[in-house]
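target.pdb (PDB, C-alpha atoms and all ligand atoms)
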ATOM      1  CA  MET G   1     -12.377   4.874  -1.675  1.00  0.00           C
ATOM      2  CA  GLU G   2     -13.308   2.104   0.775  1.00  0.00           C
ATOM      3  CA  GLN G   3     -12.962  -1.573   0.022  1.00  0.00           C
ATOM      4  CA  LEU G   4     -14.940  -4.492   1.371  1.00  0.00           C
ATOM      5  CA  THR G   5     -13.588  -8.012   1.322  1.00  0.00           C
ATOM      6  CA  LEU G   6     -16.132 -10.780   0.999  1.00  0.00           C
ATOM      7  CA  GLY G   7     -14.201 -14.035   0.884  1.00  0.00           C
ATOM      8  CA  ASP G   8     -12.111 -13.796  -2.271  1.00  0.00           C
ATOM      9  CA  ILE G   9     -14.151 -10.926  -3.687  1.00  0.00           C
ATOM     10  CA  THR G  10     -13.027  -7.347  -3.221  1.00  0.00           C
ATOM     11  CA  VAL G  11     -15.684  -4.685  -3.544  1.00  0.00           C
ATOM     12  CA  ASP G  12     -14.811  -1.074  -4.237  1.00  0.00           C
ATOM     13  CA  VAL G  13     -17.167   1.219  -2.365  1.00  0.00           C
ATOM     14  CA  VAL G  14     -17.744   4.770  -3.498  1.00  0.00           C
ATOM     15  CA  GLN G  15     -20.011   6.949  -1.396  1.00  0.00           C
ATOM     16  CA  LYS G  16     -21.586   9.958  -2.980  1.00  0.00           C
ATOM     17  CA  ASN G  17     -24.591  12.172  -2.903  1.00  0.00           C
ATOM     18  CA  ILE G  18     -27.094   9.715  -4.391  1.00  0.00           C
ATOM     19  CA  LYS G  19     -30.422   8.329  -3.207  1.00  0.00           C
ATOM     20  CA  ASN G  20     -30.065   4.618  -3.964  1.00  0.00           C
ATOM     21  CA  VAL G  21     -27.323   2.045  -3.828  1.00  0.00           C
ATOM     22  CA  HIS G  22     -25.908   0.764  -7.168  1.00  0.00           C
ATOM     23  CA  LEU G  23     -24.005  -2.460  -7.637  1.00  0.00           C
ATOM     24  CA  SER G  24     -21.928  -3.106 -10.771  1.00  0.00           C
ATOM     25  CA  VAL G  25     -19.680  -5.930 -11.983  1.00  0.00           C
ATOM     26  CA  TYR G  26     -17.327  -4.861 -14.767  1.00  0.00           C
ATOM     27  CA  PRO G  27     -15.764  -6.834 -17.589  1.00  0.00           C
ATOM     28  CA  PRO G  28     -13.269  -8.233 -18.261  1.00  0.00           C
ATOM     29  CA  THR G  29     -11.969  -9.043 -14.770  1.00  0.00           C
ATOM     30  CA  GLY G  30     -15.282  -9.037 -12.895  1.00  0.00           C
ATOM     31  CA  ARG G  31     -14.346  -6.025 -10.788  1.00  0.00           C
ATOM     32  CA  VAL G  32     -17.139  -5.186  -8.312  1.00  0.00           C
ATOM     33  CA  ARG G  33     -18.138  -1.669  -7.400  1.00  0.00           C
ATOM     34  CA  ILE G  34     -20.861  -0.333  -5.141  1.00  0.00           C
ATOM     35  CA  ALA G  35     -21.966   3.281  -5.260  1.00  0.00           C
ATOM     36  CA  ALA G  36     -23.808   4.103  -2.049  1.00  0.00           C
ATOM     37  CA  PRO G  37     -25.468   7.153  -0.514  1.00  0.00           C
ATOM     38  CA  LEU G  38     -23.302   9.158   1.896  1.00  0.00           C
ATOM     39  CA  ARG G  39     -25.563   8.418   4.871  1.00  0.00           C
ATOM     40  CA  MET G  40     -25.320   4.621   4.444  1.00  0.00           C
ATOM     41  CA  ASN G  41     -22.741   3.095   6.803  1.00  0.00           C
ATOM     42  CA  LEU G  42     -20.214   0.467   5.796  1.00  0.00           C
ATOM     43  CA  ASP G  43     -21.888  -2.354   7.757  1.00  0.00           C
ATOM     44  CA  THR G  44     -25.160  -1.763   5.939  1.00  0.00           C
ATOM     45  CA  ILE G  45     -23.290  -1.711   2.623  1.00  0.00           C
ATOM     46  CA  ARG G  46     -21.583  -4.993   3.555  1.00  0.00           C
ATOM     47  CA  ILE G  47     -24.934  -6.645   4.341  1.00  0.00           C
ATOM     48  CA  TYR G  48     -26.280  -5.400   1.019  1.00  0.00           C
ATOM     49  CA  ALA G  49     -23.226  -6.800  -0.826  1.00  0.00           C
ATOM     50  CA  ILE G  50     -23.544 -10.189   0.912  1.00  0.00           C
ATOM     51  CA  SER G  51     -27.188 -10.397  -0.131  1.00  0.00           C
ATOM     52  CA  LYS G  52     -26.046  -9.929  -3.763  1.00  0.00           C
ATOM     53  CA  LEU G  53     -23.120 -12.375  -3.606  1.00  0.00           C
ATOM     54  CA  GLY G  54     -24.822 -15.016  -5.750  1.00  0.00           C
ATOM     55  CA  TRP G  55     -25.478 -12.501  -8.528  1.00  0.00           C
ATOM     56  CA  ILE G  56     -21.931 -11.072  -8.309  1.00  0.00           C
ATOM     57  CA  LYS G  57     -20.377 -14.529  -8.671  1.00  0.00           C
ATOM     58  CA  LYS G  58     -22.623 -15.366 -11.601  1.00  0.00           C
ATOM     59  CA  GLN G  59     -21.548 -12.177 -13.408  1.00  0.00           C
ATOM     60  CA  GLN G  60     -17.868 -12.852 -12.695  1.00  0.00           C
ATOM     61  CA  VAL G  61     -18.067 -16.415 -14.032  1.00  0.00           C
ATOM     62  CA  LYS G  62     -19.733 -15.071 -17.163  1.00  0.00           C
ATOM     63  CA  PHE G  63     -16.896 -12.590 -17.777  1.00  0.00           C
ATOM     64  CA  ARG G  64     -14.132 -15.069 -17.007  1.00  0.00           C
ATOM     65  CA  GLU G  65     -15.515 -17.678 -19.353  1.00  0.00           C
ATOM     66  CA  GLN G  66     -15.455 -15.367 -22.342  1.00  0.00           C
ATOM     67  CA  PRO G  67     -12.305 -16.450 -24.183  1.00  0.00           C
ATOM     68  CA  ARG G  68     -10.279 -13.522 -25.441  1.00  0.00           C
ATOM     69  CA  GLU G  69      -6.969 -11.852 -25.169  1.00  0.00           C
ATOM     70  CA  THR G  70      -7.667  -9.061 -22.755  1.00  0.00           C
ATOM     71  CA  PRO G  71      -5.836  -5.785 -22.992  1.00  0.00           C
ATOM     72  CA  ARG G  72      -4.227  -4.846 -19.700  1.00  0.00           C
ATOM     73  CA  GLU G  73      -6.429  -2.620 -17.576  1.00  0.00           C
ATOM     74  CA  TYR G  74      -4.117  -2.117 -14.601  1.00  0.00           C
ATOM     75  CA  LEU G  75      -6.694  -3.213 -12.058  1.00  0.00           C
ATOM     76  CA  ASN G  76      -6.424  -5.085  -8.775  1.00  0.00           C
ATOM     77  CA  LYS G  77      -5.457  -8.768  -9.128  1.00  0.00           C
ATOM     78  CA  GLU G  78      -4.613  -8.486 -12.802  1.00  0.00           C
ATOM     79  CA  GLY G  79      -1.647 -10.686 -13.762  1.00  0.00           C
ATOM     80  CA  HIS G  80       1.578  -8.916 -14.759  1.00  0.00           C
ATOM     81  CA  TYR G  81       4.978 -10.468 -15.460  1.00  0.00           C
ATOM     82  CA  PHE G  82       8.375  -9.403 -14.164  1.00  0.00           C
ATOM     83  CA  LEU G  83      11.533 -11.389 -14.954  1.00  0.00           C
ATOM     84  CA  GLY G  84       9.470 -14.351 -16.066  1.00  0.00           C
ATOM     85  CA  LYS G  85       7.361 -14.549 -12.930  1.00  0.00           C
ATOM     86  CA  ARG G  86       3.665 -13.749 -12.790  1.00  0.00           C
ATOM     87  CA  TYR G  87       2.600 -11.244 -10.149  1.00  0.00           C
ATOM     88  CA  LEU G  88      -0.810  -9.930  -9.219  1.00  0.00           C
ATOM     89  CA  LEU G  89      -1.260  -6.206  -9.419  1.00  0.00           C
ATOM     90  CA  ALA G  90      -2.265  -4.526  -6.141  1.00  0.00           C
ATOM     91  CA  ILE G  91      -3.664  -1.054  -6.675  1.00  0.00           C
ATOM     92  CA  ILE G  92      -3.135   1.238  -3.704  1.00  0.00           C
ATOM     93  CA  GLU G  93      -4.764   4.631  -4.003  1.00  0.00           C
ATOM     94  CA  GLN G  94      -3.267   7.485  -2.032  1.00  0.00           C
ATOM     95  CA  GLU G  95      -2.487  11.170  -2.419  1.00  0.00           C
ATOM     96  CA  THR G  96       1.267  10.828  -2.830  1.00  0.00           C
ATOM     97  CA  PRO G  97       3.527  10.707  -5.886  1.00  0.00           C
ATOM     98  CA  PRO G  98       3.082   7.409  -7.738  1.00  0.00           C
ATOM     99  CA  LYS G  99       5.444   4.529  -7.076  1.00  0.00           C
ATOM    100  CA  VAL G 100       5.757   0.797  -7.639  1.00  0.00           C
ATOM    101  CA  LYS G 101       6.840  -1.785  -5.071  1.00  0.00           C
ATOM    102  CA  LEU G 102       7.684  -5.387  -5.823  1.00  0.00           C
ATOM    103  CA  ARG G 103       6.485  -7.840  -3.170  1.00  0.00           C
ATOM    104  CA  HIS G 104       6.695 -11.618  -2.999  1.00  0.00           C
ATOM    105  CA  SER G 105       3.650 -12.272  -5.164  1.00  0.00           C
ATOM    106  CA  THR G 106       2.324  -8.825  -5.962  1.00  0.00           C
ATOM    107  CA  ILE G 107       3.366  -5.698  -7.767  1.00  0.00           C
ATOM    108  CA  GLU G 108       2.029  -2.805  -5.728  1.00  0.00           C
ATOM    109  CA  LEU G 109       1.027   0.181  -7.796  1.00  0.00           C
ATOM    110  CA  TYR G 110       0.625   3.297  -5.650  1.00  0.00           C
ATOM    111  CA  ILE G 111      -1.453   5.859  -7.494  1.00  0.00           C
ATOM    112  CA  ARG G 112      -3.608   8.839  -6.815  1.00  0.00           C
ATOM    113  CA  PRO G 113      -7.355   8.129  -6.957  1.00  0.00           C
ATOM    114  CA  GLU G 114      -8.824   8.750 -10.425  1.00  0.00           C
ATOM    115  CA  THR G 115      -5.579   7.752 -12.165  1.00  0.00           C
ATOM    116  CA  ASP G 116      -6.716   6.477 -15.556  1.00  0.00           C
ATOM    117  CA  THR G 117      -5.579   3.331 -17.377  1.00  0.00           C
ATOM    118  CA  GLN G 118      -3.136   5.130 -19.629  1.00  0.00           C
ATOM    119  CA  LYS G 119      -1.396   6.812 -16.707  1.00  0.00           C
ATOM    120  CA  ARG G 120      -1.290   3.541 -14.742  1.00  0.00           C
ATOM    121  CA  GLN G 121       0.356   1.906 -17.733  1.00  0.00           C
ATOM    122  CA  ALA G 122       2.886   4.733 -17.981  1.00  0.00           C
ATOM    123  CA  ILE G 123       3.798   4.431 -14.288  1.00  0.00           C
ATOM    124  CA  LEU G 124       4.301   0.678 -14.534  1.00  0.00           C
ATOM    125  CA  GLU G 125       6.294   0.988 -17.756  1.00  0.00           C
ATOM    126  CA  GLN G 126       8.540   3.565 -16.154  1.00  0.00           C
ATOM    127  CA  TRP G 127       9.183   1.077 -13.371  1.00  0.00           C
ATOM    128  CA  TYR G 128       9.969  -1.743 -15.847  1.00  0.00           C
ATOM    129  CA  ARG G 129      12.345   0.616 -17.638  1.00  0.00           C
ATOM    130  CA  GLN G 130      14.127   1.461 -14.390  1.00  0.00           C
ATOM    131  CA  GLN G 131      14.441  -2.219 -13.477  1.00  0.00           C
ATOM    132  CA  LEU G 132      16.132  -2.906 -16.807  1.00  0.00           C
ATOM    133  CA  LYS G 133      18.384   0.112 -16.435  1.00  0.00           C
ATOM    134  CA  ASP G 134      19.524  -1.224 -13.049  1.00  0.00           C
ATOM    135  CA  LEU G 135      19.946  -4.791 -14.214  1.00  0.00           C
ATOM    136  CA  LEU G 136      21.633  -4.275 -17.577  1.00  0.00           C
ATOM    137  CA  PRO G 137      24.949  -2.485 -16.807  1.00  0.00           C
ATOM    138  CA  PRO G 138      26.511  -5.328 -14.775  1.00  0.00           C
ATOM    139  CA  LEU G 139      25.236  -7.852 -17.308  1.00  0.00           C
ATOM    140  CA  ILE G 140      26.647  -5.914 -20.258  1.00  0.00           C
ATOM    141  CA  GLN G 141      29.921  -5.409 -18.407  1.00  0.00           C
ATOM    142  CA  LYS G 142      30.247  -9.128 -17.718  1.00  0.00           C
ATOM    143  CA  TRP G 143      29.836  -9.962 -21.410  1.00  0.00           C
ATOM    144  CA  GLU G 144      32.035  -7.148 -22.676  1.00  0.00           C
ATOM    145  CA  GLY G 145      34.785  -8.739 -20.603  1.00  0.00           C
ATOM    146  CA  LYS G 146      34.110 -12.288 -21.773  1.00  0.00           C
ATOM    147  CA  MET G 147      33.813 -11.311 -25.434  1.00  0.00           C
ATOM    148  CA  GLY G 148      36.505  -8.662 -25.600  1.00  0.00           C
ATOM    149  CA  VAL G 149      34.167  -6.000 -26.992  1.00  0.00           C
ATOM    150  CA  SER G 150      33.189  -2.607 -25.672  1.00  0.00           C
ATOM    151  CA  LEU G 151      29.912  -0.783 -25.915  1.00  0.00           C
ATOM    152  CA  ASN G 152      29.453   2.983 -25.798  1.00  0.00           C
ATOM    153  CA  GLU G 153      25.815   3.033 -24.886  1.00  0.00           C
ATOM    154  CA  PHE G 154      22.660   1.021 -24.367  1.00  0.00           C
ATOM    155  CA  GLN G 155      19.081   2.216 -24.358  1.00  0.00           C
ATOM    156  CA  VAL G 156      15.766   0.672 -23.374  1.00  0.00           C
ATOM    157  CA  LYS G 157      13.121   1.290 -26.015  1.00  0.00           C
ATOM    158  CA  LYS G 158       9.550   0.354 -26.784  1.00  0.00           C
ATOM    159  CA  MET G 159       9.924  -1.601 -29.999  1.00  0.00           C
ATOM    160  CA  LYS G 160       7.197  -3.381 -31.927  1.00  0.00           C
ATOM    161  CA  THR G 161       9.062  -6.086 -33.768  1.00  0.00           C
ATOM    162  CA  LYS G 162      12.477  -6.633 -32.221  1.00  0.00           C
ATOM    163  CA  TRP G 163      13.920  -7.687 -28.876  1.00  0.00           C
ATOM    164  CA  GLY G 164      17.070  -5.750 -29.563  1.00  0.00           C
ATOM    165  CA  THR G 165      19.091  -3.932 -32.184  1.00  0.00           C
ATOM    166  CA  CYS G 166      22.771  -3.156 -32.539  1.00  0.00           C
ATOM    167  CA  ASN G 167      24.393  -0.140 -34.181  1.00  0.00           C
ATOM    168  CA  ARG G 168      27.927  -1.340 -34.869  1.00  0.00           C
ATOM    169  CA  ASN G 169      29.363   2.061 -35.800  1.00  0.00           C
ATOM    170  CA  ALA G 170      27.994   3.833 -32.746  1.00  0.00           C
ATOM    171  CA  LYS G 171      28.687   0.719 -30.609  1.00  0.00           C
ATOM    172  CA  ARG G 172      25.202   1.093 -29.225  1.00  0.00           C
ATOM    173  CA  ILE G 173      22.482  -1.437 -28.494  1.00  0.00           C
ATOM    174  CA  TRP G 174      18.789  -0.886 -27.980  1.00  0.00           C
ATOM    175  CA  LEU G 175      16.839  -3.362 -25.888  1.00  0.00           C
ATOM    176  CA  ASN G 176      13.092  -3.836 -25.862  1.00  0.00           C
ATOM    177  CA  LEU G 177      11.229  -2.700 -22.751  1.00  0.00           C
ATOM    178  CA  GLU G 178       9.157  -5.922 -22.954  1.00  0.00           C
ATOM    179  CA  LEU G 179      12.270  -7.849 -21.919  1.00  0.00           C
ATOM    180  CA  ALA G 180      11.615  -6.785 -18.308  1.00  0.00           C
ATOM    181  CA  LYS G 181       8.760  -9.306 -18.320  1.00  0.00           C
ATOM    182  CA  LYS G 182      10.977 -12.180 -19.446  1.00  0.00           C
ATOM    183  CA  PRO G 183      13.216 -14.556 -17.461  1.00  0.00           C
ATOM    184  CA  PHE G 184      16.708 -13.266 -16.751  1.00  0.00           C
ATOM    185  CA  HIS G 185      18.402 -15.870 -18.975  1.00  0.00           C
ATOM    186  CA  CYS G 186      16.307 -14.595 -21.912  1.00  0.00           C
ATOM    187  CA  ILE G 187      17.487 -11.024 -21.284  1.00  0.00           C
ATOM    188  CA  GLU G 188      21.035 -12.310 -21.132  1.00  0.00           C
ATOM    189  CA  TYR G 189      20.569 -14.129 -24.426  1.00  0.00           C
ATOM    190  CA  ILE G 190      19.453 -10.918 -26.156  1.00  0.00           C
ATOM    191  CA  VAL G 191      22.376  -8.964 -24.668  1.00  0.00           C
ATOM    192  CA  VAL G 192      24.833 -11.589 -25.910  1.00  0.00           C
ATOM    193  CA  HIS G 193      23.151 -11.692 -29.316  1.00  0.00           C
ATOM    194  CA  GLU G 194      23.403  -7.934 -29.752  1.00  0.00           C
ATOM    195  CA  LEU G 195      27.006  -7.842 -28.534  1.00  0.00           C
ATOM    196  CA  VAL G 196      27.941 -10.617 -30.981  1.00  0.00           C
ATOM    197  CA  HIS G 197      26.838  -8.196 -33.692  1.00  0.00           C
ATOM    198  CA  LEU G 198      29.898  -6.114 -32.763  1.00  0.00           C
ATOM    199  CA  LEU G 199      31.947  -9.113 -33.938  1.00  0.00           C
ATOM    200  CA  GLU G 200      29.805 -10.176 -36.884  1.00  0.00           C
ATOM    201  CA  ARG G 201      27.256  -8.013 -38.676  1.00  0.00           C
ATOM    202  CA  ASN G 202      24.905 -10.659 -40.039  1.00  0.00           C
ATOM    203  CA  HIS G 203      23.334 -13.886 -38.807  1.00  0.00           C
ATOM    204  CA  THR G 204      25.930 -15.990 -40.592  1.00  0.00           C
ATOM    205  CA  ASP G 205      27.479 -19.329 -39.635  1.00  0.00           C
ATOM    206  CA  ARG G 206      30.219 -17.319 -38.007  1.00  0.00           C
ATOM    207  CA  PHE G 207      27.619 -15.449 -35.919  1.00  0.00           C
ATOM    208  CA  ILE G 208      26.043 -18.747 -34.810  1.00  0.00           C
ATOM    209  CA  ALA G 209      29.486 -20.169 -33.975  1.00  0.00           C
ATOM    210  CA  TYR G 210      30.056 -17.162 -31.679  1.00  0.00           C
ATOM    211  CA  MET G 211      26.679 -17.730 -30.028  1.00  0.00           C
ATOM    212  CA  ASP G 212      27.415 -21.439 -29.508  1.00  0.00           C
ATOM    213  CA  HIS G 213      30.772 -20.551 -28.047  1.00  0.00           C
ATOM    214  CA  PHE G 214      29.639 -17.831 -25.647  1.00  0.00           C
ATOM    215  CA  LEU G 215      26.189 -19.096 -24.702  1.00  0.00           C
ATOM    216  CA  ALA G 216      25.776 -22.805 -25.454  1.00  0.00           C
ATOM    217  CA  GLU G 217      22.133 -22.828 -24.339  1.00  0.00           C
ATOM    218  CA  TRP G 218      21.078 -19.842 -26.459  1.00  0.00           C
ATOM    219  CA  LYS G 219      18.514 -21.813 -28.499  1.00  0.00           C
ATOM    220  CA  GLN G 220      16.628 -22.791 -25.359  1.00  0.00           C
ATOM    221  CA  SER G 221      16.580 -19.165 -24.252  1.00  0.00           C
ATOM    222  CA  ARG G 222      15.272 -18.102 -27.651  1.00  0.00           C
ATOM    223  CA  ASN G 223      12.447 -20.630 -27.345  1.00  0.00           C
ATOM    224  CA  ASP G 224      11.587 -19.468 -23.828  1.00  0.00           C
ATOM    225  CA  LEU G 225      11.485 -15.899 -25.033  1.00  0.00           C
ATOM    226  CA  ASN G 226       8.716 -16.728 -27.439  1.00  0.00           C
ATOM    227  CA  LYS G 227       6.607 -18.768 -25.052  1.00  0.00           C
ATOM    228  CA  LEU G 228       3.440 -17.620 -23.332  1.00  0.00           C
ATOM    229  CA  PRO G 229       2.187 -15.125 -22.508  1.00  0.00           C
ATOM    230  CA  VAL G 230       1.806 -14.567 -26.193  1.00  0.00           C
ATOM    231  CA  SER G 231       2.347 -11.122 -27.406  1.00  0.00           C
ATOM    232  CA  HIS G 232       0.231  -9.712 -30.207  1.00  0.00           C
ATOM    233  CA  TRP G 233       3.426  -8.774 -31.981  1.00  0.00           C
ATOM    234  CA  ASN G 234       5.409 -10.778 -34.485  1.00  0.00           C
ATOM    235  CA  TRP G 235       9.011 -10.936 -33.486  1.00  0.00           C
ATOM    236  CA  GLU G 236      11.286 -10.903 -36.461  1.00  0.00           C
ATOM    237  CA  TYR G 237      14.752 -10.833 -34.937  1.00  0.00           C
TER     238      TYR G 237
HETATM  239 ZN    ZN Y 301      20.658 -10.099 -34.730  1.00  0.00          ZN
END
Would you write the structure of this file as structure tokens?
Amino acid sequence: MEQLTLGDITVDVVQKNIKNVHLSVYPPTGRVRIAAPLRMNLDTIRIYAISKLGWIKKQQVKFREQPRETPREYLNKEGHYFLGKRYLLAIIEQETPPKVKLRHSTIELYIRPETDTQKRQAILEQWYRQQLKDLLPPLIQKWEGKMGVSLNEFQVKKMKTKWGTCNRNAKRIWLNLELAKKPFHCIEYIVVHELVHLLERNHTDRFIAYMDHFLAEWKQSRNDLNKLPVSHWNWEY
């Protein structure tokens, strides 16, 4: 697929065996797509797109002004968080195995053309999972040392209502995949919280005294964890 750049507007161009050119602007992000006949060259398509710029912008404004919580679509320029920072998604279509690359302000998602939303989501989630799996062992190790506890195992899970859980008997903690989107200090807070459960089962005064002792600023981290972007889940931890 070709792409045209017209100022800050990117136009996806698909050429196929059709007679007339079709221009579409899609909700919710205002993505622009032109389907053009095979014989039409890119310069002609560009001139056509420029002639329609006013209409394109009007459509995009209309979509952007509709207030709603949009489900992620995994499209170009969509905002996605990693470690508390917002990145823009850059979709790069190529015939190679999928991969994700973190750049300064973008998350590049390399996918084969025709990769659907669900698959895009799965690829990005796999990357988030790997990031957590790389980041967590040294963090857990640091706190095991400080707290004098030892863990047998941790796992990263998709969980609907909790940031983490602790199985005291198995000495195992589960951490929510969503944590990859949160600032590092929030991840650390959840790790410490779950490890404190190895010392105290319930959220008692004793538990809170441990938290105050190990991580004085834990309340601030808990607040940050529940800040925007709002999730549609209710966290009950
Ligand atoms: Zn707890």
Residues selected by the PyMOL selection byres (((chain G and resi 132-137) around 12) and not hetatm), written as a PyMOL selection string: chain G and resi 82-83+125-131+138-144+151-157+173-182+184+187-188+190-192
Could I get the residues of chain G with an atom no further than 7 Å from an atom of ligand ZN 301 (chain Y), each paired with its nearest atom pair and that distance in Å to one decimal, using only C-alpha atoms and all ligand atoms, sorted by chain and residue number, as a Markdown table?
| residue | atom | partner | partner_atom | distance |
| --- | --- | --- | --- | --- |
| G:Thr165 | CA | Y:ZN301 | ZN | 6.9 |
| G:His193 | CA | Y:ZN301 | ZN | 6.2 |
| G:Glu194 | CA | Y:ZN301 | ZN | 6.1 |
| G:His197 | CA | Y:ZN301 | ZN | 6.5 |
| G:Asn202 | CA | Y:ZN301 | ZN | 6.8 |
| G:His203 | CA | Y:ZN301 | ZN | 6.2 |
| G:Tyr237 | CA | Y:ZN301 | ZN | 6.0 |
Straight-line distance linking CA of Tyr210 in chain G with CA of Cys166 in chain G, stated in Å to one decimal: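 CA of Tyr210 in chain G sits 15.8 Å away from CA of Cys166 in chain G.
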One-decimal distance in Å that lies between CA of Gln15 in chain G and CA of Lys58 in chain G: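 Computed distance, CA of Lys58 in chain G to CA of Gln15 in chain G, equals 24.7 Å.
The shortest atom-to-atom distance to Lys171 in chain G, with only C-alpha atoms taken into account, belongs to G:Leu199 out of G:Ile47, G:Leu199, G:Leu4, G:Cys186.
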8 Å contact set for range 102-111 of chain G, only C-alpha atoms, chain neighbours under 6 positions out, as an MDAnalysis selection string: chainID G and resid 80 86:96 120 124
Within 8 Å of Val13 in chain G using only C-alpha atoms, minus same-chain residues under 2 positions, as a list in words: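 Answer for this query is Met1, Glu2, Gln3, Leu4, Val11, Gln15, Arg33, Ile34, Ala35 and Ala36 of chain G.
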Test item: the PyMOL selection byres (((chain G and resi 216-226) around 7) and not hetatm) resolved as a list in words: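 Selected by the PyMOL selection byres (((chain G and resi 216-226) around 7) and not hetatm) here: Lys182, His185, Cys186, Tyr189, Met211, Asp212, His213, Phe214, Leu215, Lys227 and Leu228 of chain G.
Closest approach to Asp116 in chain G from the set G:Thr204, G:Glu73, G:Asn17, G:Lys85 is made by G:Glu73, with distances taken over all atoms listed in the file.
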Given the PyMOL selection byres (((chain G and resi 7) around 12) and not hetatm), the residues it picks as a ChimeraX atom specification: /G:4-6,8-11,46,49-50,53,57
Box time for range 144-159 of chain G: axis-aligned, enclosing all its listed atoms, 3 Å extra on each side; report centre and edge lengths in Å to one decimal, as AutoDock Vina command-line options.
--center_x 23.0 --center_y -4.6 --center_z -25.3 --size_x 33.0 --size_y 21.3 --size_z 15.4
Atomic separation - CA of Asn41 in chain G relative to CA of His22 in chain G, Å: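 Distance reported for this atom pair: 14.5 Å.
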Minimum-distance residue to Lys146 in chain G, chosen among G:Val21, G:Val196, G:Leu38, G:Gly30 (using all atoms listed in the file): G:Val196
Option closest in space to Phe63 in chain G, from G:Arg206, G:Met159, G:Pro98, G:Arg31 [counting only C-alpha atoms]: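 For Phe63 in chain G, the nearest of the given residues is G:Arg31.
With all atoms listed in the file as the atoms that count, the minimum distance from Val100 in chain G to the choices G:Ile56, G:Gly164, G:Pro113, G:Ala122 is reached by G:Ala122.
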Residue with smallest distance to Arg72 in chain G - pool G:Ser150, G:Phe207, G:Thr29, G:Lys16, counting only C-alpha atoms: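 Looking at the shortest contact to Arg72 in chain G, the residue is G:Thr29.
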Pop range 14-29 of chain G out of the structure in the block and write N, CA and C atoms as a PDB file, in the first residue's frame.
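The resulting file, selection-v7.pdb, is shown below:
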ATOM      1  N   VAL G  14      -4.803   2.695  -2.061  1.00  0.00           N
ATOM      2  CA  VAL G  14      -4.902   1.313  -2.525  1.00  0.00           C
ATOM      3  C   VAL G  14      -5.285   1.346  -3.996  1.00  0.00           C
ATOM      4  N   GLN G  15      -4.464   0.719  -4.830  1.00  0.00           N
ATOM      5  CA  GLN G  15      -4.803   0.689  -6.254  1.00  0.00           C
ATOM      6  C   GLN G  15      -5.319  -0.691  -6.610  1.00  0.00           C
ATOM      7  N   LYS G  16      -6.461  -0.689  -7.278  1.00  0.00           N
ATOM      8  CA  LYS G  16      -7.024  -1.965  -7.691  1.00  0.00           C
ATOM      9  C   LYS G  16      -7.782  -1.826  -8.998  1.00  0.00           C
ATOM     10  N   ASN G  17      -8.274  -2.928  -9.445  1.00  0.00           N
ATOM     11  CA  ASN G  17      -8.935  -2.963 -10.739  1.00  0.00           C
ATOM     12  C   ASN G  17     -10.347  -2.374 -10.657  1.00  0.00           C
ATOM     13  N   ILE G  18     -10.412  -1.046 -10.542  1.00  0.00           N
ATOM     14  CA  ILE G  18     -11.708  -0.363 -10.496  1.00  0.00           C
ATOM     15  C   ILE G  18     -11.712   0.765 -11.520  1.00  0.00           C
ATOM     16  N   LYS G  19     -12.893   1.285 -11.803  1.00  0.00           N
ATOM     17  CA  LYS G  19     -13.008   2.306 -12.859  1.00  0.00           C
ATOM     18  C   LYS G  19     -12.825   3.726 -12.309  1.00  0.00           C
ATOM     19  N   ASN G  20     -13.365   3.957 -11.100  1.00  0.00           N
ATOM     20  CA  ASN G  20     -13.354   5.319 -10.561  1.00  0.00           C
ATOM     21  C   ASN G  20     -12.613   5.378  -9.228  1.00  0.00           C
ATOM     22  N   VAL G  21     -12.169   6.594  -8.913  1.00  0.00           N
ATOM     23  CA  VAL G  21     -11.456   6.786  -7.662  1.00  0.00           C
ATOM     24  C   VAL G  21     -12.468   7.008  -6.514  1.00  0.00           C
ATOM     25  N   HIS G  22     -12.179   6.372  -5.350  1.00  0.00           N
ATOM     26  CA  HIS G  22     -13.046   6.523  -4.169  1.00  0.00           C
ATOM     27  C   HIS G  22     -12.248   7.066  -3.006  1.00  0.00           C
ATOM     28  N   LEU G  23     -12.807   8.080  -2.365  1.00  0.00           N
ATOM     29  CA  LEU G  23     -12.157   8.677  -1.201  1.00  0.00           C
ATOM     30  C   LEU G  23     -13.017   8.413   0.029  1.00  0.00           C
ATOM     31  N   SER G  24     -12.396   7.932   1.115  1.00  0.00           N
ATOM     32  CA  SER G  24     -13.155   7.686   2.345  1.00  0.00           C
ATOM     33  C   SER G  24     -12.410   8.230   3.555  1.00  0.00           C
ATOM     34  N   VAL G  25     -13.150   8.748   4.516  1.00  0.00           N
ATOM     35  CA  VAL G  25     -12.598   9.153   5.814  1.00  0.00           C
ATOM     36  C   VAL G  25     -13.324   8.325   6.866  1.00  0.00           C
ATOM     37  N   TYR G  26     -12.540   7.592   7.674  1.00  0.00           N
ATOM     38  CA  TYR G  26     -13.145   6.628   8.598  1.00  0.00           C
ATOM     39  C   TYR G  26     -13.141   7.104  10.049  1.00  0.00           C
ATOM     40  N   PRO G  27     -14.241   6.867  10.744  1.00  0.00           N
ATOM     41  CA  PRO G  27     -14.250   7.089  12.185  1.00  0.00           C
ATOM     42  C   PRO G  27     -13.476   5.966  12.877  1.00  0.00           C
ATOM     43  N   PRO G  28     -12.995   6.121  14.094  1.00  0.00           N
ATOM     44  CA  PRO G  28     -13.119   7.348  14.885  1.00  0.00           C
ATOM     45  C   PRO G  28     -11.933   8.285  14.725  1.00  0.00           C
ATOM     46  N   THR G  29     -10.853   7.834  14.070  1.00  0.00           N
ATOM     47  CA  THR G  29      -9.637   8.656  14.054  1.00  0.00           C
ATOM     48  C   THR G  29      -9.567   9.600  12.862  1.00  0.00           C
TER      49      THR G  29
END
